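Shown next: work_39.txt, containing compact mmCIF, C-alpha atoms.
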```
# COMPACT_ATOMS: atom_id res chain seq x y z
CA MET M 1 -14.25 30.17 124.32
CA SER M 2 -17.82 29.21 123.41
CA TYR M 3 -18.97 25.60 123.65
CA LYS M 4 -19.84 25.60 119.94
CA ARG M 5 -16.32 26.70 118.98
CA LEU M 6 -14.81 24.14 121.37
CA VAL M 7 -16.84 21.35 119.75
CA LYS M 8 -15.60 22.39 116.29
CA ILE M 9 -11.98 22.42 117.47
CA ASN M 10 -12.41 18.97 119.05
CA VAL M 11 -13.96 17.60 115.85
CA ILE M 12 -11.01 18.85 113.78
CA ALA M 13 -8.56 17.31 116.23
CA VAL M 14 -10.41 13.99 116.20
CA SER M 15 -10.45 14.01 112.40
CA LEU M 16 -6.67 14.29 112.34
CA ILE M 17 -6.39 11.42 114.82
CA LEU M 18 -8.66 9.22 112.68
CA ILE M 19 -6.64 9.96 109.54
CA ALA M 20 -3.43 9.03 111.33
CA LEU M 21 -4.87 5.85 112.82
CA PHE M 22 -6.38 4.53 109.61
CA SER M 23 -3.10 4.92 107.75
CA CYS M 24 -2.17 1.77 109.65
CA LYS M 25 -3.73 -1.68 109.34
CA ASP M 26 -5.50 -3.75 111.97
CA VAL M 27 -6.15 -0.86 114.30
CA LYS M 28 -9.18 -0.37 116.51
CA LEU M 29 -11.35 2.71 116.41
CA PRO M 30 -10.24 5.25 119.02
CA ILE M 31 -12.33 6.24 122.01
CA LEU M 32 -13.38 9.84 121.46
CA GLY M 33 -14.30 12.68 123.78
CA ILE M 34 -13.03 14.12 127.04
CA ARG M 35 -10.68 12.02 129.12
CA HIS M 36 -8.69 12.38 132.32
CA VAL M 37 -6.08 10.43 134.27
CA GLU M 38 -7.04 8.99 137.63
CA ASN M 39 -4.54 7.01 139.71
CA GLY M 40 -2.47 6.47 136.58
CA ASP M 41 -5.41 5.17 134.52
CA THR M 42 -6.98 7.01 131.60
CA ILE M 43 -10.71 7.48 132.21
CA TYR M 44 -12.79 8.09 129.09
CA ALA M 45 -16.11 9.92 129.04
CA GLN M 46 -19.21 7.85 128.32
CA ILE M 47 -22.60 8.84 127.02
CA PRO M 48 -24.89 10.21 129.75
CA ASP M 49 -27.64 8.47 131.66
CA PHE M 50 -31.07 9.09 130.21
CA SER M 51 -34.57 7.65 130.32
CA LEU M 52 -36.82 8.95 127.53
CA THR M 53 -40.05 8.02 125.79
CA ASN M 54 -39.91 6.80 122.20
CA GLN M 55 -42.43 7.08 119.36
CA PHE M 56 -44.31 4.01 120.61
CA GLY M 57 -44.72 5.34 124.14
CA ASN M 58 -42.05 3.02 125.51
CA VAL M 59 -39.25 4.20 127.79
CA ILE M 60 -35.73 3.78 126.40
CA SER M 61 -32.79 4.30 128.73
CA LYS M 62 -29.03 4.09 128.62
CA ASN M 63 -29.34 0.73 130.37
CA ASP M 64 -31.34 -0.62 127.42
CA LEU M 65 -28.36 0.12 125.16
CA LYS M 66 -25.66 -1.45 127.33
CA GLY M 67 -23.93 -4.29 125.55
CA LYS M 68 -25.18 -2.99 122.18
CA ILE M 69 -23.78 -0.72 119.51
CA HIS M 70 -25.88 2.30 118.63
CA ILE M 71 -25.82 5.22 116.22
CA ALA M 72 -27.21 8.50 117.53
CA ASP M 73 -28.23 11.86 116.13
CA PHE M 74 -30.17 14.98 117.13
CA PHE M 75 -33.06 16.24 115.03
CA PHE M 76 -36.55 17.75 115.11
CA THR M 77 -39.53 16.92 112.94
CA SER M 78 -40.16 20.45 111.61
CA CYS M 79 -36.51 21.09 110.73
CA PRO M 80 -36.34 22.92 107.37
CA THR M 81 -32.63 22.32 106.75
CA ILE M 82 -30.40 19.36 107.61
CA CYS M 83 -32.63 16.93 109.54
CA PRO M 84 -34.39 15.30 106.57
CA LYS M 85 -30.97 14.46 105.14
CA THR M 86 -29.49 13.21 108.43
CA ILE M 87 -32.52 11.02 109.13
CA ARG M 88 -32.27 9.59 105.60
CA SER M 89 -28.61 8.83 106.29
CA MET M 90 -29.63 7.00 109.48
CA MET M 91 -32.18 5.03 107.46
CA ARG M 92 -29.56 4.25 104.83
CA ILE M 93 -27.21 2.91 107.51
CA ALA M 94 -30.03 0.86 109.04
CA LYS M 95 -30.80 -0.64 105.63
CA HIS M 96 -27.13 -1.47 105.04
CA PHE M 97 -26.95 -3.30 108.38
CA GLU M 98 -30.45 -4.77 108.34
CA ASN M 99 -29.10 -8.24 109.18
CA HIS M 100 -27.31 -6.92 112.28
CA LYS M 101 -30.10 -6.91 114.84
CA GLU M 102 -27.64 -5.90 117.57
CA LEU M 103 -27.45 -2.37 116.14
CA ASN M 104 -29.74 0.34 117.51
CA TYR M 105 -30.58 3.73 116.01
CA VAL M 106 -31.32 6.53 118.47
CA CYS M 107 -32.65 9.86 117.24
CA PHE M 108 -33.05 12.48 119.97
CA SER M 109 -35.63 15.17 119.21
CA ILE M 110 -34.48 18.63 120.31
CA ASP M 111 -37.88 20.31 119.89
CA TYR M 112 -39.20 19.70 123.39
CA ARG M 113 -42.31 21.83 122.80
CA LYS M 114 -43.67 20.44 119.52
CA ASP M 115 -42.27 16.92 119.16
CA SER M 116 -44.68 14.99 121.33
CA VAL M 117 -44.68 11.21 121.35
CA GLY M 118 -47.68 11.25 118.99
CA ARG M 119 -45.93 13.60 116.58
CA LEU M 120 -42.81 11.44 116.60
CA LYS M 121 -44.93 8.38 115.77
CA THR M 122 -46.55 10.22 112.85
CA TYR M 123 -43.11 11.26 111.59
CA TYR M 124 -41.82 7.68 111.96
CA ASP M 125 -44.77 6.28 110.00
CA LYS M 126 -44.41 8.92 107.29
CA LEU M 127 -40.77 7.93 106.77
CA GLY M 128 -41.80 4.29 106.37
CA ILE M 129 -39.21 3.02 108.81
CA GLN M 130 -39.52 -0.70 109.48
CA ASN M 131 -37.00 -1.40 112.20
CA ASP M 132 -37.88 -2.31 115.80
CA HIS M 133 -34.58 -0.81 117.00
CA PHE M 134 -34.99 2.61 115.39
CA TYR M 135 -36.02 5.02 118.15
CA LEU M 136 -37.22 8.62 118.00
CA LEU M 137 -36.90 9.94 121.54
CA HIS M 138 -38.70 12.86 123.16
CA ILE M 139 -36.50 15.01 125.42
CA PRO M 140 -38.82 17.01 127.73
CA THR M 141 -36.69 20.06 128.62
CA LYS M 142 -34.03 22.28 127.07
CA GLU M 143 -31.78 21.57 130.05
CA GLU M 144 -31.88 17.85 129.27
CA ILE M 145 -31.25 18.56 125.59
CA LYS M 146 -28.12 20.52 126.50
CA ARG M 147 -26.87 17.86 128.91
CA ILE M 148 -27.42 14.93 126.57
CA SER M 149 -26.21 16.57 123.34
CA GLU M 150 -23.00 17.88 124.91
CA SER M 151 -22.16 14.41 126.23
CA TYR M 152 -22.63 13.10 122.68
CA MET M 153 -20.17 15.76 121.40
CA SER M 154 -23.00 17.41 119.48
CA ILE M 155 -24.54 20.86 119.20
CA ALA M 156 -28.26 21.32 119.91
CA ILE M 157 -29.12 24.85 120.98
CA GLU M 158 -32.42 26.71 120.89
CA ASP M 159 -31.81 29.81 118.74
CA SER M 160 -34.63 31.98 117.43
CA SER M 161 -32.39 33.30 114.64
CA ALA M 162 -31.65 29.80 113.27
CA PRO M 163 -33.91 28.11 110.68
CA GLY M 164 -36.63 26.29 112.58
CA GLY M 165 -35.51 27.84 115.87
CA PHE M 166 -32.61 25.47 116.65
CA ASP M 167 -28.89 25.47 115.91
CA HIS M 168 -27.71 21.86 115.58
CA SER M 169 -24.74 20.08 114.12
CA GLY M 170 -25.96 17.15 111.99
CA TRP M 171 -23.39 14.72 113.37
CA LEU M 172 -24.09 10.98 113.56
CA MET M 173 -22.29 9.36 116.47
CA LEU M 174 -21.18 5.73 116.79
CA VAL M 175 -21.32 4.40 120.35
CA ASP M 176 -19.94 1.02 121.38
CA GLN M 177 -21.26 -1.66 123.74
CA ASN M 178 -19.56 0.04 126.71
CA SER M 179 -21.13 3.47 126.08
CA TYR M 180 -18.00 5.05 124.55
CA ILE M 181 -18.17 7.21 121.42
CA ARG M 182 -15.94 5.62 118.78
CA SER M 183 -16.63 7.50 115.55
CA TYR M 184 -18.79 10.16 113.96
CA CYS M 185 -19.72 11.56 110.57
CA LEU M 186 -21.57 14.49 109.08
CA GLY M 187 -24.98 13.09 108.24
CA THR M 188 -25.44 15.46 105.29
CA ASP M 189 -22.28 14.29 103.53
CA ASP M 190 -22.74 11.02 101.60
CA LYS M 191 -19.01 10.34 101.32
CA ASP M 192 -18.52 10.86 105.04
CA VAL M 193 -21.43 8.49 105.70
CA ASP M 194 -19.69 5.92 103.45
CA ARG M 195 -16.59 6.21 105.64
CA PHE M 196 -18.77 5.98 108.77
CA ILE M 197 -20.31 2.73 107.51
CA GLU M 198 -16.79 1.30 107.25
CA ASP M 199 -16.17 2.35 110.85
CA ILE M 200 -19.34 0.55 111.95
CA GLU M 201 -18.13 -2.58 110.15
CA LEU M 202 -14.83 -2.30 111.97
CA LEU M 203 -16.52 -1.95 115.36
CA LEU M 204 -18.82 -4.90 114.68
CA HIS M 205 -15.77 -7.11 114.14
CA GLU M 206 -13.69 -5.66 116.95
CA LYS M 207 -12.49 -8.17 119.53
```
Turn the structure described in the file into structure tokens.
Amino acid sequence: MSYKRLVKINVIAVSLILIALFSCKDVKLPILGIRHVENGDTIYAQIPDFSLTNQFGNVISKNDLKGKIHIADFFFTSCPTICPKTIRSMMRIAKHFENHKELNYVCFSIDYRKDSVGRLKTYYDKLGIQNDHFYLLHIPTKEEIKRISESYMSIAIEDSSAPGGFDHSGWLMLVDQNSYIRSYCLGTDDKDVDRFIEDIELLLHEK
């Protein structure tokens, strides 16, 4: 079974779990992704280690996000299809939570050839983003893109037959203070983004 098909199956399964959970009151968001049992304890997958340069030339790593909630997506600046919409959804979420300085927004560029740090800065300025915790990150190799995107339960594959040269999913992922993925939405679907915003609210108030 291909990785892309496996991701789609997992997303459907997770959707059913979320529907079941939110039929009840006062329930926490689930921890999503691959898990295994070790010595009787359930071990949940976390986001991967990374250390990447952002649009300002600063290095952002997984360690910088520890103890903080972040929303992540995968995009590229020359994308002719879904990326403009998913980035706008990220900006919409950032605007909604502008008083929550503990939230971070992490956009991983999957175009390792074209999306230099300078190009990411130009793109950032063009969008008019005014948030010190909104990062556009340059991933230097396709191997790193594969490793990082798969750990975020996302699809980001170089494909010459796809528009813009990349096949990617458009998911936005919600990651908690302990590096666990807790929710996701389709960044091109406004109603799904509305539901995702509610999930972020829930995580912010989780004890």
Item to check | Surrounding residues of stretch 91-98 of chain M excluding itself and chain neighbours under 2 positions, 12 Å, all atoms listed in the file, as a ChimeraX atom specification | outcome: /M:69-73,84-89,100-107,124,127-135,172,174,185,187-188,190,193-201,204
Next on the checklist: If I take atom CA of M:Ile139 and atom CA of M:Leu203, how far is one from the other in Å, to one decimal?
Outcome noted: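 Here the two named atoms are 28.1 Å from each other.
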Item to check | atom CA of M:Ile110 to atom CA of M:Tyr123, distance in Å rounded to a single decimal | outcome: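 Separation between atom CA of M:Ile110 and atom CA of M:Tyr123: 14.3 Å.
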Item to check | Of the listed residues M:Arg35, M:Val27, M:Asn63, M:Ile145, that which approaches M:Asn178 most closely, counting all atoms listed in the file | outcome: M:Asn63
Item to check | Spatial neighbours of M:Ile60, 8 Å, only C-alpha atoms, chain gap at least 3 places, as a VMD selection string | outcome: chain M and resid 51 to 54 64 137
Item to check | Proximity to M:Ile157 - best of M:Trp171, M:Tyr44, M:Tyr184, M:Phe74, only C-alpha atoms | outcome: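 Of M:Trp171, M:Tyr44, M:Tyr184, M:Phe74, the one nearest M:Ile157, counting only C-alpha atoms, is M:Phe74.
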Next on the checklist: Calculated over only C-alpha atoms, which of the candidates M:Asp189, M:Lys207, M:Ser179, M:Cys79 has the smallest distance to M:Ser61?
Outcome noted: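 Among the listed residues, the smallest separation from M:Ser61 belongs to M:Ser179.
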Next on the checklist: To one decimal place in Å, what is the distance between atom CA of M:Thr141 and atom CA of M:Lys62?
Outcome noted: 17.7 Å
Checklist entry - So which residues are close to (-24.1, 8.7, 132.2), meaning at most 10 Å away in the file's coordinates with all atoms listed in the file counted, and can you show them as a list of chain:residue names? => result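 Output of the proximity query reads M:Ala45, M:Gln46, M:Ile47, M:Pro48, M:Asp49, M:Phe50, M:Lys62, M:Asn63, M:Ile148, M:Ser151, M:Ser179.
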Checklist entry - Which residues come within 8 Å of M:Val117, counting all atoms listed in the file, excluding same-chain residues fewer than 2 positions away, as a count of residues only? => result 11
Next on the checklist: Which residues are close to M:Leu32, i.e. within 8 Å by only C-alpha atoms, leaving aside same-chain residues fewer than 4 positions away? Reply as a list in words.
Outcome noted: Val14, Tyr44, Tyr180, Ile181, Arg182 and Ser183 of chain M
